[in-house]
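Structure file data-v1.json with JSON, C-alpha atoms:
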[["chain", "number", "residue", "atom", "x", "y", "z"],
["K", 1, "MET", "CA", 13.50, -23.89, 31.79],
["K", 2, "PRO", "CA", 9.74, -23.61, 31.04],
["K", 3, "VAL", "CA", 7.48, -26.32, 32.47],
["K", 4, "PRO", "CA", 6.12, -28.41, 29.55],
["K", 5, "VAL", "CA", 2.41, -28.41, 28.75],
["K", 6, "VAL", "CA", 0.86, -31.74, 27.75],
["K", 7, "LEU", "CA", -1.83, -30.74, 25.25],
["K", 8, "PRO", "CA", -4.32, -32.62, 23.06],
["K", 9, "ALA", "CA", -3.09, -33.52, 19.58],
["K", 10, "GLY", "CA", -2.97, -30.59, 17.16],
["K", 11, "PHE", "CA", -2.26, -27.93, 19.79],
["K", 12, "SER", "CA", 1.08, -26.28, 20.61],
["K", 13, "SER", "CA", 2.28, -24.02, 23.40],
["K", 14, "ARG", "CA", 4.96, -21.44, 24.14],
["K", 15, "ALA", "CA", 5.53, -18.53, 26.50],
["K", 16, "ALA", "CA", 3.54, -15.35, 25.97],
["K", 17, "THR", "CA", 5.19, -12.17, 24.71],
["K", 18, "ASP", "CA", 4.10, -8.56, 24.26],
["K", 19, "ALA", "CA", 3.33, -9.43, 20.63],
["K", 20, "ASP", "CA", 0.49, -11.65, 21.92],
["K", 21, "VAL", "CA", -1.26, -8.90, 23.91],
["K", 22, "GLU", "CA", -3.93, -8.07, 21.33],
["K", 23, "ALA", "CA", -4.72, -11.73, 20.57],
["K", 24, "ILE", "CA", -4.95, -12.53, 24.29],
["K", 25, "HIS", "CA", -7.23, -9.54, 24.78],
["K", 26, "GLU", "CA", -9.51, -10.78, 22.02],
["K", 27, "LEU", "CA", -9.60, -14.26, 23.56],
["K", 28, "VAL", "CA", -10.47, -13.01, 27.05],
["K", 29, "ALA", "CA", -13.05, -10.61, 25.61],
["K", 30, "ALA", "CA", -14.65, -13.52, 23.74],
["K", 31, "THR", "CA", -15.02, -15.49, 26.99],
["K", 32, "GLU", "CA", -16.58, -12.46, 28.69],
["K", 33, "ARG", "CA", -19.04, -11.92, 25.85],
["K", 34, "GLU", "CA", -20.05, -15.58, 25.96],
["K", 35, "LEU", "CA", -20.71, -15.47, 29.70],
["K", 36, "HIS", "CA", -22.09, -11.94, 30.09],
["K", 37, "GLY", "CA", -22.91, -10.58, 26.66],
["K", 38, "GLU", "CA", -20.24, -7.88, 26.85],
["K", 39, "ALA", "CA", -16.49, -7.53, 27.29],
["K", 40, "GLU", "CA", -14.64, -5.35, 29.78],
["K", 41, "THR", "CA", -11.06, -6.55, 29.39],
["K", 42, "ALA", "CA", -8.63, -3.98, 27.97],
["K", 43, "PRO", "CA", -5.33, -4.67, 26.18],
["K", 44, "ASP", "CA", -3.38, -2.57, 28.68],
["K", 45, "GLY", "CA", -4.59, -4.87, 31.46],
["K", 46, "ILE", "CA", -3.09, -7.88, 29.67],
["K", 47, "LYS", "CA", 0.14, -5.98, 29.08],
["K", 48, "ALA", "CA", 0.26, -5.03, 32.77],
["K", 49, "VAL", "CA", 0.10, -8.71, 33.76],
["K", 50, "LEU", "CA", 3.03, -9.57, 31.50],
["K", 51, "SER", "CA", 5.15, -6.62, 32.62],
["K", 52, "ARG", "CA", 4.57, -6.63, 36.38],
["K", 53, "PRO", "CA", 7.77, -6.78, 38.48],
["K", 54, "GLY", "CA", 8.60, -10.28, 39.70],
["K", 55, "PHE", "CA", 6.74, -11.90, 36.80],
["K", 56, "ASP", "CA", 8.78, -13.62, 34.08],
["K", 57, "PRO", "CA", 6.61, -14.32, 31.02],
["K", 58, "ALA", "CA", 9.22, -16.77, 29.70],
["K", 59, "VAL", "CA", 8.42, -19.23, 32.49],
["K", 60, "ASP", "CA", 5.27, -17.85, 34.18],
["K", 61, "SER", "CA", 2.97, -17.72, 31.16],
["K", 62, "VAL", "CA", 1.71, -20.00, 28.38],
["K", 63, "VAL", "CA", -0.19, -19.37, 25.16],
["K", 64, "VAL", "CA", -1.81, -22.28, 23.31],
["K", 65, "HIS", "CA", -2.45, -22.31, 19.55],
["K", 66, "ASP", "CA", -4.48, -24.71, 17.44],
["K", 67, "VAL", "CA", -3.32, -26.35, 14.22],
["K", 68, "ASP", "CA", -4.32, -23.24, 12.23],
["K", 69, "GLY", "CA", -2.28, -20.95, 14.47],
["K", 70, "ARG", "CA", -5.31, -19.47, 16.21],
["K", 71, "LEU", "CA", -4.92, -18.60, 19.89],
["K", 72, "ALA", "CA", -6.93, -21.19, 21.83],
["K", 73, "ALA", "CA", -6.02, -20.43, 25.45],
["K", 74, "TRP", "CA", -3.58, -18.76, 27.76],
["K", 75, "ALA", "CA", -2.52, -19.09, 31.39],
["K", 76, "TRP", "CA", -0.24, -17.40, 33.89],
["K", 77, "LEU", "CA", 1.05, -17.95, 37.41],
["K", 78, "ASN", "CA", 2.24, -15.00, 39.52],
["K", 79, "ARG", "CA", 4.85, -15.61, 42.23],
["K", 80, "GLY", "CA", 3.88, -19.26, 42.43],
["K", 81, "LYS", "CA", 0.55, -18.45, 44.10],
["K", 82, "ARG", "CA", -2.03, -16.79, 41.83],
["K", 83, "ALA", "CA", -3.05, -18.50, 38.60],
["K", 84, "GLN", "CA", -5.40, -17.55, 35.79],
["K", 85, "ILE", "CA", -6.55, -19.72, 32.87],
["K", 86, "ASP", "CA", -8.71, -18.61, 29.94],
["K", 87, "VAL", "CA", -9.83, -20.96, 27.16],
["K", 88, "ASP", "CA", -11.47, -19.69, 23.98],
["K", 89, "PRO", "CA", -15.16, -20.69, 23.87],
["K", 90, "GLY", "CA", -14.60, -22.52, 20.57],
["K", 91, "HIS", "CA", -11.94, -24.77, 22.09],
["K", 92, "ARG", "CA", -13.58, -25.84, 25.33],
["K", 93, "GLY", "CA", -14.24, -29.44, 26.24],
["K", 94, "LEU", "CA", -11.01, -30.66, 24.64],
["K", 95, "GLY", "CA", -8.87, -30.92, 27.77],
["K", 96, "ILE", "CA", -6.92, -27.68, 27.29],
["K", 97, "GLY", "CA", -8.04, -26.20, 30.61],
["K", 98, "THR", "CA", -7.01, -29.39, 32.40],
["K", 99, "ALA", "CA", -3.59, -29.29, 30.73],
["K", 100, "LEU", "CA", -3.06, -25.67, 31.76],
["K", 101, "LEU", "CA", -4.12, -26.36, 35.34],
["K", 102, "ASP", "CA", -1.56, -29.20, 35.36],
["K", 103, "TRP", "CA", 1.02, -26.70, 34.11],
["K", 104, "ALA", "CA", 0.14, -24.11, 36.78],
["K", 105, "GLU", "CA", 0.43, -26.65, 39.58],
["K", 106, "ALA", "CA", 3.74, -27.99, 38.23],
["K", 107, "ARG", "CA", 5.11, -24.46, 37.82],
["K", 108, "ALA", "CA", 4.08, -23.67, 41.41],
["K", 109, "VAL", "CA", 6.02, -26.68, 42.69],
["K", 110, "GLU", "CA", 9.02, -25.68, 40.57],
["K", 111, "VAL", "CA", 9.22, -22.27, 42.26],
["K", 112, "GLY", "CA", 8.81, -23.83, 45.71],
["K", 113, "THR", "CA", 5.08, -23.56, 46.33],
["K", 114, "THR", "CA", 3.85, -26.80, 47.87],
["K", 115, "ASP", "CA", 0.95, -25.59, 50.02],
["K", 116, "TRP", "CA", -1.59, -23.95, 47.69],
["K", 117, "ILE", "CA", -2.33, -21.81, 44.66],
["K", 118, "ALA", "CA", -5.43, -19.74, 43.94],
["K", 119, "GLN", "CA", -7.40, -19.18, 40.77],
["K", 120, "ALA", "CA", -10.41, -16.96, 40.05],
["K", 121, "VAL", "CA", -13.24, -18.61, 38.11],
["K", 122, "ASP", "CA", -16.27, -16.74, 36.83],
["K", 123, "ASP", "CA", -19.34, -18.04, 38.61],
["K", 124, "LYS", "CA", -21.10, -18.50, 35.25],
["K", 125, "ASP", "CA", -18.25, -20.67, 33.94],
["K", 126, "GLN", "CA", -19.64, -24.01, 35.04],
["K", 127, "ALA", "CA", -16.96, -26.02, 33.22],
["K", 128, "GLY", "CA", -14.24, -24.07, 35.00],
["K", 129, "VAL", "CA", -15.96, -24.50, 38.36],
["K", 130, "ASP", "CA", -16.35, -28.24, 37.76],
["K", 131, "LEU", "CA", -12.66, -28.54, 36.84],
["K", 132, "VAL", "CA", -11.25, -26.94, 39.98],
["K", 133, "ARG", "CA", -13.82, -28.64, 42.18],
["K", 134, "ALA", "CA", -12.87, -32.03, 40.73],
["K", 135, "ARG", "CA", -9.26, -31.26, 41.70],
["K", 136, "GLY", "CA", -10.30, -30.64, 45.30],
["K", 137, "TYR", "CA", -10.04, -26.85, 45.19],
["K", 138, "ASP", "CA", -12.11, -25.09, 47.83],
["K", 139, "VAL", "CA", -13.50, -21.57, 48.10],
["K", 140, "LEU", "CA", -11.02, -18.95, 49.27],
["K", 141, "ALA", "CA", -13.01, -15.76, 48.60],
["K", 142, "VAL", "CA", -15.65, -14.19, 46.36],
["K", 143, "ASN", "CA", -15.30, -11.10, 44.15],
["K", 144, "TRP", "CA", -18.34, -9.04, 43.15],
["K", 145, "GLN", "CA", -18.58, -6.54, 40.33],
["K", 146, "LEU", "CA", -20.92, -3.74, 41.34],
["K", 147, "GLU", "CA", -22.56, -1.13, 39.15],
["K", 148, "LEU", "CA", -24.26, 2.21, 39.65],
["K", 149, "PRO", "CA", -26.17, 3.63, 36.65],
["K", 150, "MET", "CA", -26.06, 7.39, 36.08],
["K", 151, "ASP", "CA", -29.42, 8.52, 34.71],
["K", 152, "SER", "CA", -28.77, 12.14, 35.64],
["K", 153, "GLU", "CA", -25.76, 14.27, 36.54],
["K", 154, "PRO", "CA", -24.52, 13.12, 39.97],
["K", 155, "VAL", "CA", -24.61, 15.55, 42.90],
["K", 156, "ILE", "CA", -21.39, 15.79, 44.90],
["K", 157, "PRO", "CA", -22.02, 15.89, 48.67],
["K", 158, "ALA", "CA", -20.18, 18.33, 50.89],
["K", 159, "LEU", "CA", -17.17, 17.01, 52.77],
["K", 160, "PRO", "CA", -16.72, 17.35, 56.53],
["K", 161, "GLU", "CA", -14.91, 20.51, 57.61],
["K", 162, "GLY", "CA", -11.16, 20.36, 57.12],
["K", 163, "LEU", "CA", -11.26, 17.93, 54.17],
["K", 164, "THR", "CA", -10.71, 18.77, 50.52],
["K", 165, "VAL", "CA", -10.99, 16.82, 47.28],
["K", 166, "ARG", "CA", -9.07, 17.16, 44.01],
["K", 167, "PRO", "CA", -7.94, 14.94, 41.09],
["K", 168, "PHE", "CA", -4.86, 12.74, 41.22],
["K", 169, "ALA", "CA", -1.60, 14.46, 40.22],
["K", 170, "ALA", "CA", 1.82, 13.03, 39.40],
["K", 171, "GLY", "CA", 3.26, 13.87, 42.81],
["K", 172, "ASP", "CA", 0.52, 11.87, 44.57],
["K", 173, "ALA", "CA", 1.75, 8.45, 43.47],
["K", 174, "ALA", "CA", 3.76, 7.47, 46.55],
["K", 175, "ALA", "CA", 1.05, 8.60, 48.98],
["K", 176, "ALA", "CA", -1.65, 6.83, 46.96],
["K", 177, "HIS", "CA", 0.36, 3.60, 46.95],
["K", 178, "LEU", "CA", 0.79, 3.79, 50.74],
["K", 179, "LEU", "CA", -2.91, 4.52, 51.32],
["K", 180, "ILE", "CA", -4.07, 1.70, 49.05],
["K", 181, "GLU", "CA", -1.66, -0.90, 50.38],
["K", 182, "ASP", "CA", -2.32, 0.02, 54.03],
["K", 183, "ALA", "CA", -6.06, -0.40, 53.44],
["K", 184, "PHE", "CA", -5.68, -3.59, 51.41],
["K", 185, "ASP", "CA", -3.31, -5.06, 54.01],
["K", 186, "GLU", "CA", -6.43, -5.86, 56.00],
["K", 187, "TRP", "CA", -7.37, -8.62, 53.55],
["K", 188, "GLN", "CA", -4.83, -9.18, 50.74],
["K", 189, "PRO", "CA", -2.25, -11.99, 51.13],
["K", 190, "ARG", "CA", 0.78, -9.81, 50.48],
["K", 191, "ARG", "CA", 1.71, -6.17, 50.13],
["K", 192, "LYS", "CA", 2.64, -4.94, 46.63],
["K", 193, "SER", "CA", 5.81, -2.96, 46.13],
["K", 194, "TYR", "CA", 5.47, 0.50, 44.66],
["K", 195, "GLU", "CA", 6.87, -0.77, 41.35],
["K", 196, "GLU", "CA", 4.33, -3.60, 41.09],
["K", 197, "TRP", "CA", 1.41, -1.42, 42.16],
["K", 198, "ALA", "CA", 2.37, 1.30, 39.69],
["K", 199, "ALA", "CA", 2.70, -1.17, 36.81],
["K", 200, "MET", "CA", -0.76, -2.59, 37.52],
["K", 201, "MET", "CA", -2.44, 0.78, 38.20],
["K", 202, "ILE", "CA", -1.09, 4.23, 37.36],
["K", 203, "GLU", "CA", 1.23, 3.18, 34.52],
["K", 204, "ARG", "CA", -1.63, 1.65, 32.53],
["K", 205, "SER", "CA", -2.55, 3.68, 29.46],
["K", 206, "SER", "CA", -6.21, 3.64, 30.55],
["K", 207, "PHE", "CA", -5.48, 5.18, 33.97],
["K", 208, "ALA", "CA", -7.47, 8.42, 34.21],
["K", 209, "PRO", "CA", -5.81, 10.71, 36.78],
["K", 210, "GLU", "CA", -8.13, 13.62, 35.98],
["K", 211, "ARG", "CA", -11.11, 11.41, 36.93],
["K", 212, "SER", "CA", -9.48, 9.86, 40.02],
["K", 213, "PRO", "CA", -10.51, 11.89, 43.09],
["K", 214, "LEU", "CA", -8.30, 12.16, 46.16],
["K", 215, "ILE", "CA", -9.43, 13.43, 49.58],
["K", 216, "PHE", "CA", -7.00, 15.24, 51.87],
["K", 217, "ALA", "CA", -7.01, 16.24, 55.54],
["K", 218, "GLY", "CA", -4.63, 19.16, 55.33],
["K", 219, "ASP", "CA", -1.76, 17.76, 53.26],
["K", 220, "GLU", "CA", -2.40, 14.11, 54.28],
["K", 221, "LEU", "CA", -4.08, 11.78, 51.80],
["K", 222, "VAL", "CA", -7.00, 10.02, 53.50],
["K", 223, "GLY", "CA", -9.12, 8.75, 50.61],
["K", 224, "ALA", "CA", -8.69, 7.79, 46.95],
["K", 225, "ALA", "CA", -10.67, 6.39, 44.04],
["K", 226, "LEU", "CA", -8.29, 5.48, 41.20],
["K", 227, "CYS", "CA", -10.15, 5.13, 37.92],
["K", 228, "LEU", "CA", -9.73, 3.70, 34.43],
["K", 229, "ASP", "CA", -11.20, 5.24, 31.28],
["K", 230, "LEU", "CA", -11.46, 2.24, 28.97],
["K", 231, "PRO", "CA", -12.15, 2.73, 25.26],
["K", 232, "ASP", "CA", -15.28, 1.56, 23.45],
["K", 233, "THR", "CA", -17.51, 1.46, 26.53],
["K", 234, "ASP", "CA", -20.12, 3.71, 28.13],
["K", 235, "GLU", "CA", -18.89, 2.74, 31.59],
["K", 236, "GLY", "CA", -16.43, 4.26, 34.00],
["K", 237, "TYR", "CA", -14.32, 1.95, 36.17],
["K", 238, "ILE", "CA", -13.01, 2.47, 39.69],
["K", 239, "GLU", "CA", -10.03, 0.16, 39.88],
["K", 240, "GLN", "CA", -9.07, 0.88, 43.51],
["K", 241, "LEU", "CA", -10.89, 2.71, 46.29],
["K", 242, "ALA", "CA", -9.65, 3.17, 49.84],
["K", 243, "VAL", "CA", -10.27, 5.37, 52.86],
["K", 244, "ARG", "CA", -7.74, 5.62, 55.69],
["K", 245, "ARG", "CA", -8.96, 3.76, 58.75],
["K", 246, "ASP", "CA", -9.15, 6.84, 61.01],
["K", 247, "HIS", "CA", -11.40, 8.65, 58.51],
["K", 248, "ARG", "CA", -13.92, 5.90, 57.88],
["K", 249, "GLY", "CA", -17.56, 6.43, 58.80],
["K", 250, "LYS", "CA", -17.50, 10.06, 57.64],
["K", 251, "GLY", "CA", -19.05, 9.56, 54.21],
["K", 252, "LEU", "CA", -15.77, 9.75, 52.28],
["K", 253, "ALA", "CA", -16.50, 6.67, 50.18],
["K", 254, "ARG", "CA", -19.82, 8.25, 49.14],
["K", 255, "THR", "CA", -18.01, 11.44, 48.11],
["K", 256, "LEU", "CA", -15.33, 9.55, 46.18],
["K", 257, "LEU", "CA", -18.01, 7.63, 44.28],
["K", 258, "ALA", "CA", -19.95, 10.81, 43.56],
["K", 259, "VAL", "CA", -16.92, 12.72, 42.27],
["K", 260, "ALA", "CA", -15.86, 9.79, 40.09],
["K", 261, "ARG", "CA", -19.40, 9.40, 38.76],
["K", 262, "HIS", "CA", -19.62, 13.12, 38.03],
["K", 263, "GLY", "CA", -16.39, 13.05, 36.03],
["K", 264, "PHE", "CA", -17.43, 10.05, 33.99],
["K", 265, "TYR", "CA", -20.92, 11.46, 33.44],
["K", 266, "ARG", "CA", -19.37, 14.59, 31.96],
["K", 267, "ARG", "CA", -17.43, 12.26, 29.64],
["K", 268, "GLY", "CA", -20.65, 10.69, 28.39],
["K", 269, "LYS", "CA", -20.43, 7.53, 30.51],
["K", 270, "ARG", "CA", -23.69, 6.30, 31.93],
["K", 271, "ASN", "CA", -22.64, 3.56, 34.35],
["K", 272, "LEU", "CA", -19.98, 3.23, 37.05],
["K", 273, "THR", "CA", -18.52, -0.13, 38.07],
["K", 274, "LEU", "CA", -16.02, -1.49, 40.56],
["K", 275, "TRP", "CA", -15.01, -4.82, 42.06],
["K", 276, "THR", "CA", -14.99, -5.65, 45.76],
["K", 277, "HIS", "CA", -13.67, -8.68, 47.61],
["K", 278, "SER", "CA", -15.50, -10.70, 50.27],
["K", 279, "ASP", "CA", -12.63, -10.28, 52.73],
["K", 280, "THR", "CA", -12.97, -6.47, 52.68],
["K", 281, "GLY", "CA", -16.45, -6.54, 54.19],
["K", 282, "ALA", "CA", -17.33, -3.60, 51.90],
["K", 283, "LEU", "CA", -20.20, -5.14, 49.92],
["K", 284, "ALA", "CA", -22.91, -3.94, 52.31],
["K", 285, "MET", "CA", -21.47, -0.42, 52.28],
["K", 286, "TYR", "CA", -21.53, -0.23, 48.50],
["K", 287, "GLU", "CA", -25.08, -1.57, 48.43],
["K", 288, "ARG", "CA", -26.12, 1.15, 50.89],
["K", 289, "LEU", "CA", -24.63, 3.65, 48.45],
["K", 290, "GLY", "CA", -26.95, 2.36, 45.73],
["K", 291, "MET", "CA", -24.69, -0.11, 43.92],
["K", 292, "THR", "CA", -25.92, -3.55, 42.87],
["K", 293, "VAL", "CA", -24.11, -6.77, 42.01],
["K", 294, "ARG", "CA", -23.77, -7.41, 38.27],
["K", 295, "ARG", "CA", -21.47, -10.44, 38.20],
["K", 296, "SER", "CA", -19.20, -12.42, 40.48],
["K", 297, "THR", "CA", -16.15, -14.64, 40.46],
["K", 298, "THR", "CA", -14.95, -17.09, 43.08],
["K", 299, "MET", "CA", -11.33, -17.48, 44.13],
["K", 300, "TYR", "CA", -10.60, -21.19, 44.53],
["K", 301, "ARG", "CA", -7.61, -22.57, 46.44],
["K", 302, "GLY", "CA", -5.97, -25.88, 45.63],
["K", 303, "GLY", "CA", -3.16, -27.85, 47.22],
["K", 304, "PRO", "CA", -0.97, -29.03, 48.85],
["K", 305, "PHE", "CA", 1.04, -30.42, 45.94]]

Translate the structure described by the file into structure tokens.
Amino acid sequence: MPVPVVLPAGFSSRAATDADVEAIHELVAATERELHGEAETAPDGIKAVLSRPGFDPAVDSVVVHDVDGRLAAWAWLNRGKRAQIDVDPGHRGLGIGTALLDWAEARAVEVGTTDWIAQAVDDKDQAGVDLVRARGYDVLAVNWQLELPMDSEPVIPALPEGLTVRPFAAGDAAAAHLLIEDAFDEWQPRRKSYEEWAAMMIERSSFAPERSPLIFAGDELVGAALCLDLPDTDEGYIEQLAVRRDHRGKGLARTLLAVARHGFYRRGKRNLTLWTHSDTGALAMYERLGMTVRRSTTMYRGGPF
């Protein structure tokens, strides 16, 4: 049975459904435009959250509407550990975010989480930062969005002898999942199953296999940059980038970035972005490759409950 949400008068809540995807996208985009002057959220990213294996929207998500039926906020909790709350800029300061944080914590306890949950808050969202800080949440990690403008057609560097590069193909999915999860095991709290990874990555409508370079040593996959081609933007996005541990320090990340940039440049894109996590230790590497920080979010951890 869904955990109830105690909201201010005039607001109602229910579980999210696929029919809400576009409205949720518009809400999240509005928050991004308020904080950064532009939106990067895509509808297929919202749909991926609702459809990921192990996630039950009927009990793990909430949408909040005002008295006029307008979407005012939404929240979700994945596997009792990772929460996200977004409140429309026009409905802030009314206690909706507090009510949804109460819901997330109660839902976590219901599924057996009593130690902690984590939530990412944009570093420019002072109200959100103040809310989690007032609850005793502390910093778990920092995420940085990096960018690399493309003022001219990128030059692709030569690979070391014995290595080749080509775009992602359908038969590469299993190897790409293994490479990504092996690399991310070094910092992420849990390993994603193939089904969950695929739902969040290659099954998205914006996944761009033809602009996602893979590097091989013989027939072994040793590097990958999996990219999204989002509509209505002049930017290309690298969603996941990984190099196998035994092939690091050979310039493969530089080549993956260059090939991805080249493909997006040919598509008329003039900026390349990606996110990196403080636990990866990759920020300095990306900065050496010419990328700069554009925005950041902090992952806060709260509990026990």

Quick one: distance from CA of Ala104 in chain K to CA of Trp76 in chain K in Å, one decimal?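 Pair CA of Ala104 in chain K / CA of Trp76 in chain K returns 7.3 Å.
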
Do you have, as JSON lines, the list of residues of range 65-117 of chain K lying at most 10 Å from range 19-37 of chain K, each with its nearest atom pair and that distance in Å to one decimal, counting all atoms listed in the file and ordered by chain then number?
{"residue": "K:Arg70", "atom": "CA", "partner": "K:Ala23", "partner_atom": "CA", "distance": 8.9}
{"residue": "K:Leu71", "atom": "CA", "partner": "K:Ala23", "partner_atom": "CA", "distance": 6.9}
{"residue": "K:Ala72", "atom": "CA", "partner": "K:Leu27", "partner_atom": "CA", "distance": 7.6}
{"residue": "K:Ala73", "atom": "CA", "partner": "K:Leu27", "partner_atom": "CA", "distance": 7.4}
{"residue": "K:Trp74", "atom": "CA", "partner": "K:Ile24", "partner_atom": "CA", "distance": 7.3}
{"residue": "K:Ala75", "atom": "CA", "partner": "K:Ile24", "partner_atom": "CA", "distance": 10.0}
{"residue": "K:Ile85", "atom": "CA", "partner": "K:Val28", "partner_atom": "CA", "distance": 9.7}
{"residue": "K:Asp86", "atom": "CA", "partner": "K:Val28", "partner_atom": "CA", "distance": 6.5}
{"residue": "K:Val87", "atom": "CA", "partner": "K:Thr31", "partner_atom": "CA", "distance": 7.5}
{"residue": "K:Asp88", "atom": "CA", "partner": "K:Leu27", "partner_atom": "CA", "distance": 5.8}
{"residue": "K:Pro89", "atom": "CA", "partner": "K:Thr31", "partner_atom": "CA", "distance": 6.1}
{"residue": "K:Gly90", "atom": "CA", "partner": "K:Thr31", "partner_atom": "CA", "distance": 9.5}

Tell me, as a PyMOL selection string, which residues lie within 8 Å of Val67 in chain K, counting only C-alpha atoms; anything in the same chain fewer than 4 positions away does not count. chain K and resi 10-12

Mind listing whatever residues come within 12 Å of the point (2.6, -27.5, 43.7)? Use only C-alpha atoms, file coordinates, and give them as number ranges by chain. K: 77, 80-83, 101-118, 301-305

Please define a box with edges along x, y and z of the file around all atoms of range 218-234 of chain K given in the file, extend it by 5 Å on each side, and return its centre and edge lengths in Å to one decimal, as lines of an AutoDock Vina configuration file.
center_x = -10.9
center_y = 10.3
center_z = 39.4
size_x = 28.4
size_y = 27.7
size_z = 41.9

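With all atoms listed in the file taken into account, the protein and nucleic acid residues at most 7 Å from range 155-157 of chain K (excluding it and anything under 2 positions from it in its own chain) are Glu153, Leu159, Thr255, Ala258 and Val259 of chain K.
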
Just-selected residues, C-alpha atoms written as an mmCIF file, in the frame of the given file:
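To be explicit, this is the file written out as out.cif:
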data_model
loop_
_atom_site.group_PDB
_atom_site.id
_atom_site.type_symbol
_atom_site.label_atom_id
_atom_site.label_comp_id
_atom_site.auth_asym_id
_atom_site.auth_seq_id
_atom_site.Cartn_x
_atom_site.Cartn_y
_atom_site.Cartn_z
ATOM 1 C CA GLU K 153 -25.760 14.270 36.540
ATOM 2 C CA LEU K 159 -17.170 17.010 52.770
ATOM 3 C CA THR K 255 -18.010 11.440 48.110
ATOM 4 C CA ALA K 258 -19.950 10.810 43.560
ATOM 5 C CA VAL K 259 -16.920 12.720 42.270
#

Give me the residues near Val59 in chain K as a PyMOL selection string, where near means some atom within 7 Å (using all atoms listed in the file) and where sequence neighbours in that chain fewer than 2 positions away do not count. chain K and resi 1-2+15+56-57+61
